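First the structure, in the form of structure tokens, and then the observations on it.
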Amino acid sequence: MDKNFNIVIAGVGGQGVITLVQLIAEAAFAEGYDVKTSELHGLSQRGGSVETHVRFGKKVWSPLISEGEADLIISLELAETLRKLRYANKNTKFVINGYFFPYPEGLSEEEITGIIGREIKQEKRIVPASKVCQEKLEKEVVSTSYLLGYCVSNELIPLKKESVLKAMENLFPEKYLELNKKAFELVWEN
Amino acid sequence: MKKILLGNEAIVQGALESGVQYVSAYPGTPSSEIGIVFGKIAQKHGIYFEFAVNEKTAMESAIGSSYSGLKTLVSMKNFGLNVALDAFLPFVYTGAKGATVIVVADDPSCHSSGQSEENSRGFADLAHVPILEPQDAQEAKDFTILAFKLSEKYSVPVILRTTTRVAHQRMPVEIGIINIENKKGEFVKNKNKFVTMPPRVLEMKGELLKKLETMKKDSEKLALISRGKGKLGIITSGVANLHVTEVLRKNNLNIPVLKIGMFNPLPEKKILSFVSDMKEVLIAEELEGFIEKKVKEIAGCKLKIYGKDLLPEIGELSNEKIALALGKLVKKKLFVKRTEKDLKIPLRYPRLCQGCPYWIVFSAIKKMAPEGTIFGGDIGCYMLAGFAPHEIQDYLLSMGSSIGVGHGINKAGGQKVIALIGDSTFFHAGIPALINSVYNKSDLLIFVLDNRITAMTGHQPNPGMGLTGTGESAKEIKIEDIAKACGAENVKTVDPVNMQELQDAIRDFINKKGTSVIVSRRICAYYERKLKKNI
Ligand SMILES: Cc1ncc(C[n+]2csc(CCOP(=O)(O)OP(=O)(O)O)c2C)c(N)n1
Ligand code: SF4
């Protein structure tokens with residue numbers, strides 16, 4: 001990999017954005033890459049918009065991804081995707097959780113999906129992660145692990161399944177580990 | 001061995017490797033994880049840790065430890081240093097006995113700070129305090145270790161100044177050996193060292209200025225030059241250096257860079273020699289142009305110095321901002337701002353969690369407050385009172401100000417004020433303001449939102465809830481008892497789920513003379529869920 005791989009992860013506070021950042025960072029590090037992440041803690045977690053950056057490659061300098069330089073944009077919520085378009089170029093891929101979290105004075109789900117359809121010309125996949133996890137595992141909270149599985153199995157993130165599983169073992173406390181592993185591996189089962 | 005660490009975790013690691021023995025903190029984003037991590041691991045390592053009531057007491061606690069010869073660290077966010085300043089300035093004069101590092105976390109762009117975009121580097125000249133500025137998590141660790149060494153060598157406290165993009169940045173960090181000597185501190189009386197009074201205090205100032213003068217050579221060592229070609233150079237510090245490097249590499253630009261590691265004292269010789277064969281230099285520093293001013297002072301007028309004319313003084317720097325500025329100097333388009341279509345996606349503001357007790361309190365206040373009531377806001381989750389659907393926040397400044405300023409408004413024009421304040425904030429800075437209101441006879445209604453925790457900064461314990469920073473049980477200090485002891489005329493404690501009782505209390509107190517205090521006590525819903533999960 002010559003160039004660093006840049007991932008912008010968006011979501012709503014409380015969705016587990018930072019855990020996702022940590023998993024990717026640990027997995028990339030285990031594969032021998034240099035890694036940097038940037039995240040925000042604090043009030044942004046209380047249901048506000050959250051944006052984080054993960055970069056890995058031979059050598060990473062800035063913790064921030066420049067506009068137009070994301071390789072992948074993962075959004076854990078439909079509307080949040082639309083706040084990250086400035087990071088995209090024509091080759092950027094989008095993985096979007098088909099989950100809608102309404103908020104006061106926000107647009108409707110139909111309006112948002114309409115705009116996503118119109119404005120994002122790049123390769124985009126709307127994945128019903130929250131729904132699948134609710135149905136198959138009865139736990140929506142592990143949808144981030146499912147989405148990560150989706151990205152890895154579809155080779156949207158150049159990381160190995162085993163590295164992510166190892167990262168999960170290092171990061172999750174025992175009682176959450178099995179469920180998250182299950183969610184992560186769901187994609188391969190289908 | 002390397003491990004991925006958050007900047008703040010790297011600071012903890014650096015402190016452990018330096019043999020820290022005593023740590024105090026008051027939470028504040030982006031510094032909070034330092035206290036949280038120490039709270040978890042201190043006992044295991046035989047380190048003393050406390051969450052103090054506020055930053056001044058955290059600082060004083062650290063000073064006591066330092067005077068007793070222990071290796072000490074104290075951590076806070078930028079505003080905390082303002083609170084601690086009164087004790088801090090003389091401490092720098094007396095100097096540290098046990099090596100002492102003060103972590104101060106700034107938040108350019110105010111990601112998690114409402115009050116001001118404070119740049120703590122401004123304290124350099126005021127306090128004559130050495131300041132180190134790491135650029136990433138690895139340096140956060142290395143500079144913590146260096147700060148302890150410098151503090152030991154010069155007997156002076158050293159500030160480690162971080163910013164959000166350093167404190168909340170993760171990267172692989174080299175892990176070293178932890179070596180903590182578990183010993184008791186001992187305060188050995190020495191008036192000459194610990195008592196600041198004229199004329200001694202002026203001598204102390206002289207000694208301090210001398211220390212700083214000698215420290216310049218350490219600053220010189222820490223200033224690193226990346227060689228390059230041409231008559232244009234860049235001087236930078238902190239995370240801005242990473243943005244600069246990013247832009248230079250990406251565009252294959254071979255411009256010399258001087259990276260400053262120690263902001264105070266500045267490496268004047270290195271700066272001078274760096275600029276000596278330059279025609280132009282760009283100073284890439286975040287917020288106010290302190291380095292720029294200094295370079296202008298020492299470099300003479302032949303050099304063309306760019307800084308705040310090309311880079312903003314407001315908001316953090318980024319790759320894009322550096323590329324734009326540098327592009328103007330190398331006369332190339334390094335970054336093209338794309339005109340993005342405004343999709344008109346309304347902003348998503350943070351909001352109270354589901355089940356948050358404040359929902360009920362805010363609606364009761366809104367319902368019961370007479371027309372024209374002024375609502376005083378304070379710092380914590382309840383700042384969200386300012387947003388829809390609540391919209392009960394008419395002023396907001398700094399911790400404790402809801403009461404202090406409310407008193408002033410009431411005295412100035414007799415308007416009715418309801419001041420909202422959280423439990424942690426009440427202990428932090430609300431009590432003197434409450435006493436002032438009683439003493440100077442204003443008619444104020446103070447609402448203490450006691451949710452049994454310091455919620456907004458990530459749920460740290462406080463003196464009202466019976467636990468210390470390491471999770472040991474502690475005396476539970478009751479806010480209503482304090483209010484009564486301070487002489488508040490009317491004091492009542494309610495559980496806000498008893499809506500009727502809550503509303504009656506507001507109706508009853510709102511027109512009473514004197515200072516009234518309602519303590520609304522119900523646990524933070526988020527914290528409660530967290531507690532249940534751990535069981
Ligand atoms: C001087 C200072 N120190 C620290 C902070 C960071 N800070 C923001 S909110 C808060 C605590 C709020 O706790 P509390 O008053 O109990 O309200 P809650 O969040 O629990 O509602 C702190 C410490 C600050 N803004 N100013
Ligand atoms: S963290 Fe606690 S106090 Fe803050 S909004 Fe959530 S429930 Fe309310």
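Going through the structure tokens in order, the chains are called A, B, and so on, while each chain numbers its residues from 1 and the ligands are numbered from 1 in the order shown.
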
Identify all chain A residues at most 7 Å from chain B by counting only C-alpha atoms; ligands do not count. Present them as a PyMOL selection string. chain A and resi 26+35-40+42-44+46-49+61-63+66+86+103+105-106

Restricting the output to N, CA, C and O atoms, write the selected residues as a short mmCIF file (atom, residue, chain, number, x, y, z; two decimals), in the first residue's frame.
```
data_model
loop_
_atom_site.label_atom_id
_atom_site.label_comp_id
_atom_site.auth_asym_id
_atom_site.auth_seq_id
_atom_site.Cartn_x
_atom_site.Cartn_y
_atom_site.Cartn_z
N GLU A 26 -6.44 -0.76 15.95
CA GLU A 26 -5.72 -1.92 16.51
C GLU A 26 -5.43 -2.96 15.42
O GLU A 26 -4.34 -3.53 15.37
N VAL A 35 -0.39 4.07 12.34
CA VAL A 35 -1.80 4.44 12.48
C VAL A 35 -1.92 5.77 13.20
O VAL A 35 -1.16 6.04 14.14
N LYS A 36 -2.87 6.58 12.80
CA LYS A 36 -3.27 7.72 13.63
C LYS A 36 -4.79 7.86 13.56
O LYS A 36 -5.40 7.64 12.51
N THR A 37 -5.37 8.25 14.68
CA THR A 37 -6.81 8.52 14.70
C THR A 37 -7.03 9.87 15.35
O THR A 37 -6.19 10.37 16.09
N SER A 38 -8.18 10.44 15.07
CA SER A 38 -8.58 11.65 15.77
C SER A 38 -10.05 11.54 16.09
O SER A 38 -10.84 11.09 15.27
N GLU A 39 -10.40 11.90 17.30
CA GLU A 39 -11.79 11.76 17.71
C GLU A 39 -12.14 12.87 18.68
O GLU A 39 -11.25 13.55 19.18
N LEU A 40 -13.40 13.05 18.90
CA LEU A 40 -13.82 14.08 19.85
C LEU A 40 -14.61 13.43 20.97
O LEU A 40 -15.45 12.59 20.73
N GLY A 42 -16.70 14.23 24.86
CA GLY A 42 -17.37 15.35 25.50
C GLY A 42 -18.80 15.48 25.05
O GLY A 42 -19.45 14.48 24.77
N LEU A 43 -19.25 16.70 24.95
CA LEU A 43 -20.68 16.91 24.72
C LEU A 43 -21.16 16.34 23.40
O LEU A 43 -22.33 15.99 23.23
N SER A 44 -20.23 16.22 22.43
CA SER A 44 -20.63 15.69 21.13
C SER A 44 -21.18 14.27 21.28
O SER A 44 -21.82 13.74 20.38
N ARG A 46 -23.41 13.32 23.47
CA ARG A 46 -24.81 13.29 23.89
C ARG A 46 -25.75 13.45 22.72
O ARG A 46 -26.45 14.43 22.59
N GLY A 47 -25.71 12.48 21.83
CA GLY A 47 -26.68 12.51 20.74
C GLY A 47 -26.40 13.55 19.67
O GLY A 47 -27.22 13.77 18.80
N GLY A 48 -25.26 14.22 19.73
CA GLY A 48 -24.91 15.16 18.67
C GLY A 48 -24.19 14.45 17.54
O GLY A 48 -23.94 13.24 17.61
N SER A 49 -23.84 15.18 16.49
CA SER A 49 -23.10 14.60 15.38
C SER A 49 -21.67 14.31 15.82
O SER A 49 -21.05 15.12 16.48
N TRP A 61 1.22 11.14 9.06
CA TRP A 61 1.62 12.38 9.72
C TRP A 61 0.44 12.98 10.46
O TRP A 61 0.24 12.74 11.62
N SER A 62 -0.37 13.73 9.77
CA SER A 62 -1.49 14.42 10.44
C SER A 62 -2.54 13.42 10.90
O SER A 62 -2.83 12.44 10.21
N PRO A 63 -3.13 13.67 12.07
CA PRO A 63 -4.24 12.81 12.50
C PRO A 63 -5.53 13.11 11.75
O PRO A 63 -6.50 12.36 11.88
N SER A 66 -7.54 15.15 5.01
CA SER A 66 -7.85 16.38 4.28
C SER A 66 -9.14 16.20 3.48
O SER A 66 -9.50 15.08 3.12
N ARG A 86 -17.60 16.52 1.96
CA ARG A 86 -16.38 17.26 1.60
C ARG A 86 -15.13 16.38 1.68
O ARG A 86 -14.10 16.72 1.12
N TYR A 103 -34.25 13.85 14.56
CA TYR A 103 -33.94 14.87 15.57
C TYR A 103 -34.77 16.11 15.30
O TYR A 103 -35.28 16.28 14.17
N GLU A 105 -36.25 19.33 14.13
CA GLU A 105 -36.03 20.16 12.94
C GLU A 105 -35.20 19.49 11.86
O GLU A 105 -34.73 20.13 10.93
N GLY A 106 -35.00 18.19 11.99
CA GLY A 106 -34.27 17.45 10.96
C GLY A 106 -35.19 17.09 9.80
O GLY A 106 -36.41 17.24 9.89
#
```

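Using only C-alpha atoms, the contacts of Ala167 of chain A at a cut-off of 9 Å, with sequence neighbours closer than 4 positions omitted, comprise Gln22, Leu23, Ile24, Ala25, Glu26, Ala27, Ala30, Glu162, Ser163, Leu171 and Phe172 of chain A.
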
Polymer residues at most 9 Å from segment 1-10 of chain A, only C-alpha atoms, same-chain spacing of 2 or more positions, as a count of residues only: 34

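Between atom CA of Lys181 of chain A and atom CA of Glu135 of chain A the interatomic distance comes to 16.2 Å.
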
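Distance-wise, atom CA of Ile365 of chain B and atom CA of Leu444 of chain B end up 14.2 Å apart.
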
Tell me, which residues of segment 27-142 of chain A carry DSSP strand (DSSP E or B), written as a VMD selection string? chain A and resid 34 to 38 49 to 57 72 to 75 93 to 97 124 to 127

Export N, CA, C and O atoms of the chosen residues as a compact mmCIF listing (two decimals), in the first residue's frame?
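Output contents, as saved in out15.txt:
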```
# COMPACT_ATOMS: atom_id res chain seq x y z
N ASP A 34 1.56 1.91 10.33
CA ASP A 34 1.52 3.07 11.21
C ASP A 34 0.06 3.53 11.23
O ASP A 34 -0.65 3.40 10.22
N VAL A 35 -0.39 4.07 12.34
CA VAL A 35 -1.80 4.44 12.48
C VAL A 35 -1.92 5.77 13.20
O VAL A 35 -1.16 6.04 14.14
N LYS A 36 -2.87 6.58 12.80
CA LYS A 36 -3.27 7.72 13.63
C LYS A 36 -4.79 7.86 13.56
O LYS A 36 -5.40 7.64 12.51
N THR A 37 -5.37 8.25 14.68
CA THR A 37 -6.81 8.52 14.70
C THR A 37 -7.03 9.87 15.35
O THR A 37 -6.19 10.37 16.09
N SER A 38 -8.18 10.44 15.07
CA SER A 38 -8.58 11.65 15.77
C SER A 38 -10.05 11.54 16.09
O SER A 38 -10.84 11.09 15.27
N SER A 49 -23.84 15.18 16.49
CA SER A 49 -23.10 14.60 15.38
C SER A 49 -21.67 14.31 15.82
O SER A 49 -21.05 15.12 16.48
N VAL A 50 -21.16 13.15 15.44
CA VAL A 50 -19.78 12.79 15.79
C VAL A 50 -19.01 12.48 14.51
O VAL A 50 -19.53 11.81 13.62
N GLU A 51 -17.79 12.99 14.43
CA GLU A 51 -16.94 12.69 13.28
C GLU A 51 -15.57 12.25 13.78
O GLU A 51 -14.98 12.88 14.63
N THR A 52 -15.09 11.14 13.26
CA THR A 52 -13.77 10.66 13.65
C THR A 52 -12.98 10.28 12.40
O THR A 52 -13.57 10.00 11.35
N HIS A 53 -11.67 10.28 12.55
CA HIS A 53 -10.79 9.94 11.43
C HIS A 53 -9.86 8.79 11.82
O HIS A 53 -9.35 8.78 12.94
N VAL A 54 -9.67 7.85 10.92
CA VAL A 54 -8.66 6.80 11.12
C VAL A 54 -7.82 6.76 9.86
O VAL A 54 -8.35 6.71 8.76
N ARG A 55 -6.51 6.75 10.04
CA ARG A 55 -5.60 6.68 8.90
C ARG A 55 -4.56 5.62 9.17
O ARG A 55 -4.03 5.55 10.28
N PHE A 56 -4.26 4.79 8.19
CA PHE A 56 -3.13 3.87 8.38
C PHE A 56 -2.37 3.68 7.09
O PHE A 56 -2.90 3.90 5.99
N GLY A 57 -1.12 3.27 7.22
CA GLY A 57 -0.25 3.11 6.07
C GLY A 57 1.19 3.04 6.53
O GLY A 57 1.46 2.77 7.70
N LEU A 72 -12.66 5.82 2.29
CA LEU A 72 -13.90 5.19 2.70
C LEU A 72 -14.59 6.11 3.70
O LEU A 72 -13.95 6.68 4.58
N ILE A 73 -15.89 6.27 3.53
CA ILE A 73 -16.67 7.00 4.52
C ILE A 73 -17.69 6.03 5.09
O ILE A 73 -18.50 5.46 4.34
N ILE A 74 -17.59 5.79 6.38
CA ILE A 74 -18.57 4.92 7.04
C ILE A 74 -19.49 5.82 7.84
O ILE A 74 -19.03 6.62 8.64
N SER A 75 -20.78 5.69 7.60
CA SER A 75 -21.70 6.48 8.40
C SER A 75 -22.66 5.55 9.12
O SER A 75 -23.25 4.67 8.50
N LYS A 93 -15.49 5.46 -1.41
CA LYS A 93 -16.63 4.55 -1.25
C LYS A 93 -17.39 4.91 0.02
O LYS A 93 -16.80 5.35 0.99
N PHE A 94 -18.68 4.70 -0.04
CA PHE A 94 -19.54 5.00 1.12
C PHE A 94 -20.17 3.71 1.64
O PHE A 94 -20.72 2.94 0.86
N VAL A 95 -20.06 3.50 2.93
CA VAL A 95 -20.82 2.42 3.56
C VAL A 95 -21.73 3.08 4.60
O VAL A 95 -21.25 3.74 5.52
N ILE A 96 -23.01 2.93 4.40
CA ILE A 96 -23.96 3.68 5.22
C ILE A 96 -24.90 2.71 5.94
O ILE A 96 -25.51 1.84 5.30
N ASN A 97 -24.96 2.87 7.23
CA ASN A 97 -25.94 2.09 7.99
C ASN A 97 -27.33 2.63 7.65
O ASN A 97 -27.59 3.83 7.79
N LYS A 124 -21.73 3.40 -3.42
CA LYS A 124 -22.27 3.50 -2.07
C LYS A 124 -23.11 2.28 -1.74
O LYS A 124 -23.78 1.69 -2.59
N ARG A 125 -23.03 1.87 -0.50
CA ARG A 125 -23.80 0.71 -0.08
C ARG A 125 -24.56 1.09 1.18
O ARG A 125 -23.95 1.50 2.17
N ILE A 126 -25.85 0.97 1.10
CA ILE A 126 -26.66 1.20 2.30
C ILE A 126 -26.95 -0.16 2.90
O ILE A 126 -27.57 -1.02 2.28
N VAL A 127 -26.39 -0.37 4.08
CA VAL A 127 -26.43 -1.70 4.70
C VAL A 127 -27.38 -1.64 5.90
O VAL A 127 -27.20 -0.79 6.78
```

What does the list of residues within 8 Å of ligand 1 look like if you count only C-alpha atoms and all ligand atoms, written as a PyMOL selection string? chain B and resi 26-29+54-55+76-83+113-115+378-383+398-399+421-426+449-457+459+462+524

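Interatomic distance, atom CA of Ala485 of chain B to atom 2 (Fe, counted along the ligand's line) of ligand 2: 28.1 Å.
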
Fewer than 2 positions away in the same chain doesn't count, so skip those; otherwise give me all residues within 10 Å of Ala483 of chain B, counting only C-alpha atoms, as a PyMOL selection string. chain B and resi 431+434-435+438+446+478-481+485-492+515-519

Deliver the residues from the most recent selection as a file, using all heavy atoms, as a short mmCIF file (atom, residue, chain, number, x, y, z; two decimals), in the first residue's frame.
```cif
data_model
loop_
_atom_site.label_atom_id
_atom_site.label_comp_id
_atom_site.auth_asym_id
_atom_site.auth_seq_id
_atom_site.Cartn_x
_atom_site.Cartn_y
_atom_site.Cartn_z
N ILE B 431 -20.33 27.69 45.86
CA ILE B 431 -20.53 27.97 47.29
C ILE B 431 -20.19 29.43 47.67
O ILE B 431 -21.00 30.08 48.33
CB ILE B 431 -19.78 26.93 48.16
CG1 ILE B 431 -20.35 25.53 47.86
CG2 ILE B 431 -19.91 27.24 49.64
CD1 ILE B 431 -19.54 24.37 48.43
N LEU B 434 -22.97 31.54 46.49
CA LEU B 434 -24.17 31.38 47.33
C LEU B 434 -24.04 32.23 48.59
O LEU B 434 -24.96 32.96 48.98
CB LEU B 434 -24.35 29.90 47.68
CG LEU B 434 -25.31 29.56 48.84
CD1 LEU B 434 -26.74 29.98 48.51
CD2 LEU B 434 -25.28 28.08 49.16
N ILE B 435 -22.89 32.16 49.20
CA ILE B 435 -22.67 32.95 50.42
C ILE B 435 -22.80 34.44 50.10
O ILE B 435 -23.41 35.19 50.84
CB ILE B 435 -21.29 32.63 51.06
CG1 ILE B 435 -21.25 31.15 51.48
CG2 ILE B 435 -21.01 33.55 52.24
CD1 ILE B 435 -19.91 30.68 52.01
N VAL B 438 -26.42 35.37 49.92
CA VAL B 438 -27.04 35.45 51.25
C VAL B 438 -26.56 36.72 51.97
O VAL B 438 -27.35 37.52 52.46
CB VAL B 438 -26.68 34.20 52.09
CG1 VAL B 438 -27.17 34.36 53.53
CG2 VAL B 438 -27.26 32.95 51.47
N ILE B 446 -31.98 29.43 43.59
CA ILE B 446 -30.91 28.59 43.05
C ILE B 446 -31.42 27.16 42.94
O ILE B 446 -31.98 26.62 43.90
CB ILE B 446 -29.68 28.63 43.98
CG1 ILE B 446 -29.14 30.05 44.07
CG2 ILE B 446 -28.59 27.66 43.49
CD1 ILE B 446 -28.16 30.27 45.22
N LYS B 478 -23.66 16.79 51.86
CA LYS B 478 -25.02 17.10 51.38
C LYS B 478 -25.14 18.58 51.01
O LYS B 478 -24.84 19.47 51.80
CB LYS B 478 -26.02 16.76 52.47
CG LYS B 478 -26.27 15.26 52.62
CD LYS B 478 -27.78 15.00 52.71
CE LYS B 478 -28.23 13.69 52.15
NZ LYS B 478 -27.55 12.50 52.58
N ILE B 479 -25.62 18.79 49.81
CA ILE B 479 -25.72 20.16 49.30
C ILE B 479 -26.70 20.98 50.13
O ILE B 479 -26.46 22.15 50.43
CB ILE B 479 -26.10 20.13 47.81
CG1 ILE B 479 -24.92 19.55 47.02
CG2 ILE B 479 -26.44 21.52 47.30
CD1 ILE B 479 -25.24 19.15 45.61
N GLU B 480 -27.81 20.36 50.56
CA GLU B 480 -28.79 21.12 51.35
C GLU B 480 -28.21 21.54 52.70
O GLU B 480 -28.52 22.62 53.21
CB GLU B 480 -30.11 20.35 51.52
CG GLU B 480 -30.01 18.95 52.11
CD GLU B 480 -29.78 17.88 51.03
OE1 GLU B 480 -29.02 18.15 50.08
OE2 GLU B 480 -30.36 16.78 51.15
N ASP B 481 -27.32 20.70 53.23
CA ASP B 481 -26.68 21.07 54.50
C ASP B 481 -25.76 22.28 54.30
O ASP B 481 -25.71 23.18 55.13
CB ASP B 481 -25.84 19.90 55.05
CG ASP B 481 -26.70 18.73 55.47
OD1 ASP B 481 -27.95 18.90 55.53
OD2 ASP B 481 -26.16 17.63 55.72
N ALA B 485 -26.14 25.86 56.02
CA ALA B 485 -25.01 26.40 56.78
C ALA B 485 -24.56 27.74 56.23
O ALA B 485 -24.05 28.59 56.97
CB ALA B 485 -23.86 25.40 56.78
N CYS B 486 -24.76 27.94 54.94
CA CYS B 486 -24.38 29.23 54.34
C CYS B 486 -25.44 30.30 54.62
O CYS B 486 -25.28 31.44 54.20
CB CYS B 486 -24.20 29.09 52.84
SG CYS B 486 -22.78 28.11 52.37
N GLY B 487 -26.52 29.89 55.23
CA GLY B 487 -27.53 30.87 55.62
C GLY B 487 -28.66 31.07 54.63
O GLY B 487 -29.43 32.03 54.76
N ALA B 488 -28.77 30.18 53.64
CA ALA B 488 -29.88 30.32 52.69
C ALA B 488 -31.20 30.27 53.46
O ALA B 488 -31.38 29.43 54.34
CB ALA B 488 -29.82 29.21 51.65
N GLU B 489 -32.09 31.18 53.11
CA GLU B 489 -33.31 31.33 53.90
C GLU B 489 -34.26 30.16 53.70
O GLU B 489 -34.93 29.71 54.62
CB GLU B 489 -34.03 32.64 53.53
CG GLU B 489 -33.44 33.88 54.21
CD GLU B 489 -32.19 34.43 53.54
OE1 GLU B 489 -31.72 33.84 52.53
OE2 GLU B 489 -31.64 35.43 54.03
N ASN B 490 -34.39 29.69 52.45
CA ASN B 490 -35.34 28.62 52.16
C ASN B 490 -34.61 27.50 51.44
O ASN B 490 -33.98 27.74 50.41
CB ASN B 490 -36.46 29.14 51.26
CG ASN B 490 -36.96 30.50 51.72
OD1 ASN B 490 -37.54 30.62 52.79
ND2 ASN B 490 -36.66 31.54 50.94
N VAL B 491 -34.68 26.31 51.99
CA VAL B 491 -33.97 25.19 51.38
C VAL B 491 -34.90 23.99 51.32
O VAL B 491 -35.59 23.67 52.29
CB VAL B 491 -32.72 24.81 52.22
CG1 VAL B 491 -31.99 23.63 51.59
CG2 VAL B 491 -31.78 26.01 52.35
N LYS B 492 -34.96 23.38 50.15
CA LYS B 492 -35.81 22.18 50.03
C LYS B 492 -35.16 21.19 49.08
O LYS B 492 -34.56 21.56 48.08
CB LYS B 492 -37.18 22.59 49.49
CG LYS B 492 -38.19 21.44 49.54
CD LYS B 492 -39.60 21.94 49.30
CE LYS B 492 -40.58 20.78 49.17
NZ LYS B 492 -40.75 19.98 50.39
N THR B 515 -32.32 34.30 49.72
CA THR B 515 -31.75 33.29 48.84
C THR B 515 -32.44 31.95 49.10
O THR B 515 -32.45 31.46 50.23
CB THR B 515 -30.24 33.15 49.10
OG1 THR B 515 -29.64 34.42 48.88
CG2 THR B 515 -29.61 32.13 48.17
N SER B 516 -33.03 31.39 48.05
CA SER B 516 -33.70 30.10 48.18
C SER B 516 -32.94 29.05 47.38
O SER B 516 -32.40 29.34 46.32
CB SER B 516 -35.13 30.19 47.63
OG SER B 516 -35.83 31.22 48.28
N VAL B 517 -32.92 27.85 47.91
CA VAL B 517 -32.21 26.77 47.22
C VAL B 517 -33.11 25.55 47.11
O VAL B 517 -33.65 25.07 48.12
CB VAL B 517 -30.92 26.38 47.99
CG1 VAL B 517 -30.21 25.22 47.29
CG2 VAL B 517 -29.98 27.57 48.10
N ILE B 518 -33.32 25.09 45.89
CA ILE B 518 -34.00 23.81 45.70
C ILE B 518 -32.96 22.81 45.21
O ILE B 518 -32.28 23.05 44.21
CB ILE B 518 -35.15 23.91 44.67
CG1 ILE B 518 -36.23 24.87 45.18
CG2 ILE B 518 -35.76 22.53 44.39
CD1 ILE B 518 -37.37 25.11 44.19
N VAL B 519 -32.80 21.72 45.93
CA VAL B 519 -31.89 20.67 45.48
C VAL B 519 -32.75 19.60 44.82
O VAL B 519 -33.59 18.98 45.47
CB VAL B 519 -31.10 20.06 46.65
CG1 VAL B 519 -30.14 18.99 46.15
CG2 VAL B 519 -30.35 21.15 47.41
#
```

Just the residues within 8 Å of Ile180 of chain B, please, counting only C-alpha atoms, with nothing from its chain fewer than 2 positions along; format it as a ChimeraX atom specification. /B:16-21,45-46,178,182

Go ahead and write the selection's residues with N, CA and C atoms as a short mmCIF file (atom, residue, chain, number, x, y, z; two decimals), in the first residue's frame.
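Final output, saved to out.cif:
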```cif
data_model
loop_
_atom_site.label_atom_id
_atom_site.label_comp_id
_atom_site.auth_asym_id
_atom_site.auth_seq_id
_atom_site.Cartn_x
_atom_site.Cartn_y
_atom_site.Cartn_z
N LEU B 16 3.90 7.37 34.59
CA LEU B 16 4.23 6.12 35.28
C LEU B 16 5.70 5.78 35.07
N GLU B 17 6.17 5.95 33.84
CA GLU B 17 7.58 5.65 33.56
C GLU B 17 8.51 6.61 34.28
N SER B 18 7.98 7.81 34.59
CA SER B 18 8.80 8.78 35.32
C SER B 18 8.76 8.53 36.82
N GLY B 19 7.91 7.61 37.24
CA GLY B 19 7.81 7.32 38.67
C GLY B 19 6.93 8.28 39.44
N VAL B 20 5.84 8.72 38.83
CA VAL B 20 4.93 9.66 39.51
C VAL B 20 4.38 9.02 40.79
N GLN B 21 4.24 9.83 41.82
CA GLN B 21 3.78 9.28 43.11
C GLN B 21 2.47 9.90 43.59
N HIS B 45 -0.58 0.72 41.56
CA HIS B 45 0.82 1.15 41.49
C HIS B 45 1.29 1.83 42.77
N GLY B 46 0.42 1.89 43.76
CA GLY B 46 0.80 2.58 45.00
C GLY B 46 0.92 4.08 44.84
N ILE B 178 7.88 0.80 33.89
CA ILE B 178 7.29 1.59 34.97
C ILE B 178 8.10 1.33 36.23
N ASN B 182 7.64 3.63 46.02
CA ASN B 182 6.57 3.93 46.95
C ASN B 182 7.14 4.49 48.24
#
```

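Of the residues listed (B:Lys56, B:Arg522, B:Lys141, B:Lys269), B:Lys141 shows the shortest atom-to-atom separation from Gly176 of chain B; distances use only C-alpha atoms.
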
Residues near Ala299 of chain B, cut-off 12 Å, only C-alpha atoms, skip fewer than 3 positions along chain, as a PDB file with C-alpha atoms, in the first residue's frame:
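Here's the written file result-v9.pdb:
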```pdb
ATOM      1  CA  GLU B 268      15.870  31.934  20.335  1.00  0.00           C
ATOM      2  CA  LYS B 269      19.288  30.900  19.032  1.00  0.00           C
ATOM      3  CA  LYS B 270      17.879  28.157  16.860  1.00  0.00           C
ATOM      4  CA  ILE B 271      15.218  30.472  15.555  1.00  0.00           C
ATOM      5  CA  LEU B 272      17.852  33.056  14.716  1.00  0.00           C
ATOM      6  CA  SER B 273      20.150  30.623  12.979  1.00  0.00           C
ATOM      7  CA  PHE B 274      17.195  29.061  11.153  1.00  0.00           C
ATOM      8  CA  VAL B 275      16.018  32.357   9.736  1.00  0.00           C
ATOM      9  CA  SER B 276      19.499  33.748   9.142  1.00  0.00           C
ATOM     10  CA  ASP B 277      19.629  32.662   5.515  1.00  0.00           C
ATOM     11  CA  MET B 278      15.907  32.917   4.852  1.00  0.00           C
ATOM     12  CA  LYS B 279      14.109  35.627   3.024  1.00  0.00           C
ATOM     13  CA  GLU B 280      10.667  34.614   4.170  1.00  0.00           C
ATOM     14  CA  VAL B 281       9.279  32.513   6.955  1.00  0.00           C
ATOM     15  CA  ILE B 291       5.685  32.724  18.300  1.00  0.00           C
ATOM     16  CA  GLU B 292       5.187  35.096  15.397  1.00  0.00           C
ATOM     17  CA  LYS B 293       5.513  38.105  17.700  1.00  0.00           C
ATOM     18  CA  LYS B 294       8.644  36.693  19.232  1.00  0.00           C
ATOM     19  CA  VAL B 295      10.213  35.964  15.851  1.00  0.00           C
ATOM     20  CA  LYS B 296       9.413  39.501  14.734  1.00  0.00           C
ATOM     21  CA  LYS B 302      15.046  42.105   6.749  1.00  0.00           C
ATOM     22  CA  LEU B 303      13.048  38.934   7.137  1.00  0.00           C
ATOM     23  CA  LYS B 304       9.519  38.794   5.749  1.00  0.00           C
ATOM     24  CA  ILE B 305       7.411  37.080   8.389  1.00  0.00           C
TER      25      ILE B 305
END
```
